[in-house]
Structures are given as structure tokens and as C-alpha cells.
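**Student:** Before we start, here is the structure in question, set down as C-alpha cells.
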Amino acid sequence: MKFPDSLIPAPLRKPAKPGADGRGKGPAPANLKEEPPQPPSHSDKLREGAVEGGKDVVGWVDQRTAASGFLTGMLYRKVPKGTNWFYTLGSATLFAFIVQAVTGVFLAMFYTPSATQAYASISHINNDVFLGQFVHGMHKWGASVMVILVFVHMGRTFFFGAYKYPRELNWVIGVVLLILTMLMAFTGYLLPFDQRSYWASIVGININGTGPIVGPYLSDFLRAGPELGATTLARFYSIHMLLVPGAIIALIGAHLYLVVKLGTTAPPWTKIAKPKVAAPTAQLDAGVEGNGAAPSNGASAT
């Protein structure tokens with residue numbers, strides 16, 4: 001039985017014949033005590049092949065999607081002087097939304113949107129599912145964190161004057177995202193369907209009903225019937241899981257596109273350096289050295 005060369009230690013390995021590994025007979029090492037260079041092993045060849053294969057796949061995808069240009073614009077763009085930690089609030093809000101989306105998907109695997117089983121499914125998640133209480137806690141408290149971050153981010157944008165020309169449309173998109181975030185938090189509050197969420201949702205729906213013109217119609221739409229019940233829970237669940245997240249993802253894409261295209265504004269306390277203007281050149285009398293005047297046409301220089 002012959003063992004592969006990769007399993008035999010280098011000192012005990014039989015040296016290959018010159019040219020057997022695809023290489024010519026090279027010069028002897030300067031120090032004869034040193035071990036001559038060994039050909040690449042089978043694992044090294046597999047590793048190199050995997051790396052080259054990954055590069056080929058990435059290049060194939062980039063050639064058909066042109067994603068490298070978008071990523072270059074996102075990651076390598078100029079930022080104004082004075083940029084500080086206040087400018088990370090938007091990224092923090094995006095991270096909070098991603099956490100909400102990921103934890104919400106895991107919770108949806110065990111949650112039952114039924115008036116008779118919703119509370120029992122939440123209890124099952126918290127008490128029986130592995131890391132269920134941890135994921136539920138991240139989703140519950142993450143909703144409050146996201147709402148706070150959205151408000152702080154909007155406040156930073158307002159006080160820094162980033163809503164002015166040419167970023168008015170991005171400000172409008174941010175306001176809509178704020179409203180959708182509040183709607184997602186409101187619809188998710190009813191999903192445990194316990195006493196607190198039940199009566200709090202009734203109060204919230206009645207407050208919406210006091211609005212002018214569209215208030216009563218909005219309350220009827222949210223309630224999905226004459227009173228809060230099983231159909232209300234199903235409607236809140238569909239709005240919370242499908243309608244609002246889809247709209248938020250679309251608007252976040254438009255928001256990021258405008259941020260990359262228009263850039264960010266400098267802090268209001270940053271002093272803008274005035275452009276340097278070249279000093280006016282001295283007017284020289286053409287053809288005459290010194291302070292004398294040039295002769296007129298046709299006059300002799302005698």
C-alpha cells in the first residue's frame with residue numbers, strides 16, 4: 001500500500017525526479033542544509049482552484065449586473081469636511097431594520113395569527129423554542145430602538161439643514177419612512193394578543209378615528225369590522241409582515257440612491273474656505289521699456 005505524498009513528512013519524502021513535477025531542474029539552494037523547495041501539494045492546488053473559481057463566479061456575476069460600479073459609488077465616495085458620528089445615525093437605523101427583519105422571519109416560523117392561538121404561540125416561543133425568548137426580546141426592544149433612531153436621524157437632518165436644495169425629495173422619503181416605521185410598530189403591538197396589546201390597540205384605533213375626513217374610514221380599515229377581533233389580528237399581521245416591510249425596503253433603496261447621488265451636507269459649524277482669486281497682472285506698455293509712452297502710428301522715432 002502506497003501512502004500519498006501529502007501524508008508523508010517532508011524529511012522522509014522521496015525527492016521527485018527533475019522535471020517530474022512539471023518544472024525543470026533548478027539551481028541548487030545556496031545553503032545545502034536548507035530543504036529544496038517542494039512542489040505544491042494536492043490541498044494547495046485545491047485551495048488555489050477554489051480561489052480562482054470564486055473569482056470567476058464573482059466576475060461572471062459582475063459582468064452581467066454591473067454591481068461593481070454601484071458598490072464603488074457606495075463605498076468610495078467623497079464626504080464633506082467635518083463629518084462625525086452624527087452621520088452614522090442613518091446606517092444605525094438601517095441596521096436596526098435589518099435586525100427587525102431577520103428576527104421577524106424567525107418569529108413568523110412559530111407564530112400563529114389566530115385569536116385563540118396567538119398568545120399560546122408567543123408563550124411557546126418564549127418558553128419552549130431554543131433561543132426563542134432571546135429572539136423575541138431582540139424584536140420587541142429593537143422596535144423601540146428603531147423608532148428612536150429614526151426620530152434622532154430626522155432631527156439631525158433638520159438641524160444640519162440637509163433637507164434643503166437639492167435634497168428635498170430625500171427629506172420627503174425620510175418623512176414617509178418615519179410614518180411607516182410608526183405604523184409597523186403599531187401593527188406589531190397587537191400580535192401577542194394579550195390584555196395589554198388588545199386594549200392599547202383599541203385606544204390607538206379610536207384615536208385614529210378622530211382625524212378629519214379620513215379618520216373614521218381609517219379606523220374601519222384597521223379594525224376590519226365593527227369591533228376588534230380575529231379579523232383585526234389577521235389584518236394587522238398582514239400589514240406588519242407584508243405591506244409595510246415591502247414599502248420600507250423600496251423607499252430605503254430610493255433613499256440610499258439619492259444619498260449616493262447627491263452626497264451629504266457639511267455640518268453647519270464648518271467654515272467654508274473662500275476660493276483663492278489670482279491677483280490682477282500689471283498692465284505693461286507694449287513695445288516700450290520703462291514708463292515712457294508708445295509712439296503713435298506713422299510717427300518717426302528720431
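By order in the C-alpha cells, chains are A, B, ...; within a chain, residues start at 1; ligands start at 1, following the order shown.
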Quick one: everything within 8 Å of Ile205 in chain A, counting only C-alpha atoms, minus sequence neighbours fewer than 4 positions away in the same chain. Send it as a PyMOL selection string.
**Tutor:** chain A and resi 201+209+219+222-223
**Student:** Go through range 70-91 of chain A and flag each residue having an atom no more than 10 Å from range 265-271 of chain A; for those, report the closest pair of atoms plus their distance in Å to one decimal, using only C-alpha atoms, ordered by chain and rising number, as CSV.
**Tutor:**
residue,atom,partner,partner_atom,distance
A:Val79,CA,A:Ala266,CA,8.2
A:Pro80,CA,A:Ala266,CA,5.2
A:Lys81,CA,A:Ala266,CA,6.3
A:Gly82,CA,A:Pro267,CA,6.3
A:Thr83,CA,A:Ala266,CA,6.7
A:Asn84,CA,A:Pro267,CA,8.8
A:Phe86,CA,A:Pro267,CA,9.5
A:Tyr87,CA,A:Pro267,CA,9.7
**Student:** Using only C-alpha atoms, which of A:Ile202, A:Ile207, A:Ala120, A:Leu94 sits nearest Ile249 in chain A?
**Tutor:**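 Of A:Ile202, A:Ile207, A:Ala120, A:Leu94, the one nearest Ile249 in chain A, counting only C-alpha atoms, is A:Leu94.
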**Student:** Using DSSP on the backbone, list every residue of range 130-302 of chain A that comes out as alpha helix (DSSP H), and give them as an MDAnalysis selection string.
**Tutor:** chainID A and resid 132:159 168:189 195:209 215:223 230:238 244:262
**Student:** CA of Gly49 in chain A to CA of Ala66 in chain A: how many Å, to one decimal?
**Tutor:**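 Computing it gives 24.7 Å between the two atoms.
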**Student:** Could you jot down the CA of Pro40 in chain A to CA of Gly53 in chain A separation for me, Å, one decimal place?
**Tutor:**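 Separation between CA of Pro40 in chain A and CA of Gly53 in chain A: 18.0 Å.
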**Student:** From the set A:Glu52, A:Thr157, A:Val172, A:Leu190, which residue has the shortest atom-to-atom contact distance to Ala254 in chain A, counting only C-alpha atoms?
**Tutor:**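 Result for the nearest residue to Ala254 in chain A: A:Val172.
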**Student:** Residues at most 12 Å from His136 in chain A, counting only C-alpha atoms, excluding those fewer than 3 positions away in the same chain, as a list in words?
**Tutor:**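 The neighbour list is Val99, Gln100, Val102, Thr103, Gly104, Val105, Phe106, Leu107, Ala108, Phe110, Tyr111, Ser121, Ile122, Ser123, His124, Ile125, Asn126, Asn127, Val129, Phe130, Leu131, Gly132, Gln133, His139, Lys140, Trp141, Gly142, Ala143 and Pro192 of chain A.
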**Student:** Restricted to N, CA, C and O atoms, what would the selected residues look like written as a short mmCIF file (atom, residue, chain, number, x, y, z; two decimals), in the first residue's frame?
**Tutor:**
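Writing the result to selection.cif gives the following:
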data_model
loop_
_atom_site.label_atom_id
_atom_site.label_comp_id
_atom_site.auth_asym_id
_atom_site.auth_seq_id
_atom_site.Cartn_x
_atom_site.Cartn_y
_atom_site.Cartn_z
N VAL A 99 -32.10 43.96 11.59
CA VAL A 99 -32.30 43.10 12.76
C VAL A 99 -33.78 42.78 12.93
O VAL A 99 -34.17 41.62 13.21
N GLN A 100 -34.64 43.77 12.75
CA GLN A 100 -36.08 43.53 12.87
C GLN A 100 -36.56 42.55 11.81
O GLN A 100 -37.40 41.68 12.09
N VAL A 102 -34.77 40.17 10.22
CA VAL A 102 -34.25 38.82 10.45
C VAL A 102 -34.96 38.15 11.62
O VAL A 102 -35.42 37.01 11.54
N THR A 103 -35.06 38.86 12.75
CA THR A 103 -35.75 38.27 13.91
C THR A 103 -37.23 38.05 13.63
O THR A 103 -37.83 37.08 14.11
N GLY A 104 -37.85 38.93 12.82
CA GLY A 104 -39.26 38.75 12.48
C GLY A 104 -39.49 37.50 11.66
O GLY A 104 -40.52 36.82 11.83
N VAL A 105 -38.56 37.16 10.77
CA VAL A 105 -38.70 35.94 9.98
C VAL A 105 -38.65 34.71 10.88
O VAL A 105 -39.46 33.77 10.73
N PHE A 106 -37.73 34.69 11.83
CA PHE A 106 -37.65 33.54 12.74
C PHE A 106 -38.90 33.45 13.64
O PHE A 106 -39.39 32.34 13.91
N LEU A 107 -39.42 34.57 14.08
CA LEU A 107 -40.63 34.53 14.90
C LEU A 107 -41.83 34.06 14.10
O LEU A 107 -42.71 33.37 14.63
N ALA A 108 -41.89 34.44 12.82
CA ALA A 108 -43.02 34.04 11.99
C ALA A 108 -43.06 32.53 11.77
O ALA A 108 -44.13 31.98 11.44
N PHE A 110 -42.87 30.33 14.04
CA PHE A 110 -43.54 29.70 15.17
C PHE A 110 -44.82 30.42 15.58
O PHE A 110 -45.58 29.90 16.40
N TYR A 111 -45.05 31.62 15.05
CA TYR A 111 -46.21 32.40 15.45
C TYR A 111 -47.44 31.98 14.66
O TYR A 111 -47.38 31.67 13.47
N SER A 121 -48.93 30.75 21.12
CA SER A 121 -47.72 30.62 20.29
C SER A 121 -46.59 31.52 20.80
O SER A 121 -45.42 31.13 20.77
N ILE A 122 -46.93 32.70 21.30
CA ILE A 122 -45.91 33.57 21.88
C ILE A 122 -45.33 32.93 23.14
O ILE A 122 -44.12 32.97 23.39
N SER A 123 -46.18 32.33 23.97
CA SER A 123 -45.70 31.63 25.16
C SER A 123 -44.81 30.45 24.78
O SER A 123 -43.80 30.18 25.45
N HIS A 124 -45.18 29.76 23.70
CA HIS A 124 -44.35 28.63 23.24
C HIS A 124 -42.98 29.12 22.77
O HIS A 124 -41.96 28.48 23.04
N ILE A 125 -42.95 30.27 22.08
CA ILE A 125 -41.67 30.82 21.62
C ILE A 125 -40.79 31.18 22.81
O ILE A 125 -39.58 30.89 22.83
N ASN A 126 -41.36 31.80 23.83
CA ASN A 126 -40.57 32.27 24.96
C ASN A 126 -40.14 31.15 25.90
O ASN A 126 -39.10 31.26 26.56
N ASN A 127 -40.92 30.09 25.97
CA ASN A 127 -40.66 29.06 26.97
C ASN A 127 -40.08 27.77 26.42
O ASN A 127 -39.35 27.07 27.13
N VAL A 129 -39.06 27.18 22.67
CA VAL A 129 -38.18 27.24 21.49
C VAL A 129 -36.78 27.64 21.93
O VAL A 129 -36.60 28.52 22.80
N PHE A 130 -35.77 27.01 21.33
CA PHE A 130 -34.37 27.32 21.65
C PHE A 130 -34.06 28.75 21.24
O PHE A 130 -34.26 29.13 20.08
N LEU A 131 -33.58 29.55 22.18
CA LEU A 131 -33.27 30.98 22.00
C LEU A 131 -34.49 31.78 21.56
O LEU A 131 -34.34 32.89 21.04
N GLY A 132 -35.67 31.25 21.79
CA GLY A 132 -36.88 31.96 21.38
C GLY A 132 -37.11 33.24 22.17
O GLY A 132 -37.47 34.28 21.59
N GLN A 133 -36.88 33.19 23.47
CA GLN A 133 -37.06 34.39 24.29
C GLN A 133 -36.04 35.46 23.91
O GLN A 133 -36.35 36.66 23.90
N HIS A 139 -36.52 41.42 18.97
CA HIS A 139 -37.52 42.00 18.08
C HIS A 139 -38.38 43.03 18.82
O HIS A 139 -38.70 44.09 18.27
N LYS A 140 -38.70 42.74 20.06
CA LYS A 140 -39.57 43.64 20.83
C LYS A 140 -38.86 44.95 21.16
O LYS A 140 -39.38 46.04 20.89
N TRP A 141 -37.66 44.85 21.73
CA TRP A 141 -36.93 46.05 22.09
C TRP A 141 -36.27 46.71 20.88
O TRP A 141 -36.03 47.92 20.88
N GLY A 142 -35.99 45.93 19.86
CA GLY A 142 -35.45 46.51 18.63
C GLY A 142 -36.41 47.45 17.94
O GLY A 142 -36.00 48.39 17.26
N ALA A 143 -37.73 47.19 18.11
CA ALA A 143 -38.72 48.10 17.54
C ALA A 143 -38.62 49.48 18.18
O ALA A 143 -38.66 50.51 17.49
N PRO A 192 -49.13 39.84 20.00
CA PRO A 192 -49.22 38.90 21.13
C PRO A 192 -50.66 38.63 21.57
O PRO A 192 -50.94 37.58 22.16
#
**Student:** Residues near Leu177 in chain A, anyone? I mean within 9 Å using only C-alpha atoms, not counting same-chain ones fewer than 6 positions away, as a list in words.
**Tutor:**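 Within the cut-off, the hits are Val150, Ala247, Ile248, Leu251 and Ile252 of chain A.
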**Student:** Would you mind reading off the distance between CA of Leu180 in chain A and CA of Leu242 in chain A, one decimal, in Å?
**Tutor:** 12.3 Å
**Student:** For Leu233 in chain A, which residue out of A:His42, A:Thr181, A:Thr116, A:Ala67 is the nearest one, using only C-alpha atoms?
**Tutor:**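 Among A:His42, A:Thr181, A:Thr116, A:Ala67, it is A:Thr116 that comes nearest to Leu233 in chain A.
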**Student:** Counting only C-alpha atoms, give me one row per residue of range 42-108 of chain A with an atom at most 10 Å from an atom of range 152-155 of chain A, showing the shortest contact pair and its distance in Å to one decimal, sorted by chain then residue number, as a Markdown table.
**Tutor:**
| residue | atom | partner | partner_atom | distance |
| --- | --- | --- | --- | --- |
| A:Phe86 | CA | A:His153 | CA | 8.2 |
| A:Tyr87 | CA | A:His153 | CA | 8.4 |
| A:Thr88 | CA | A:His153 | CA | 8.8 |
| A:Leu89 | CA | A:His153 | CA | 5.4 |
| A:Gly90 | CA | A:His153 | CA | 6.1 |
| A:Ser91 | CA | A:His153 | CA | 9.6 |
| A:Ala92 | CA | A:His153 | CA | 9.2 |
| A:Thr93 | CA | A:His153 | CA | 8.0 |
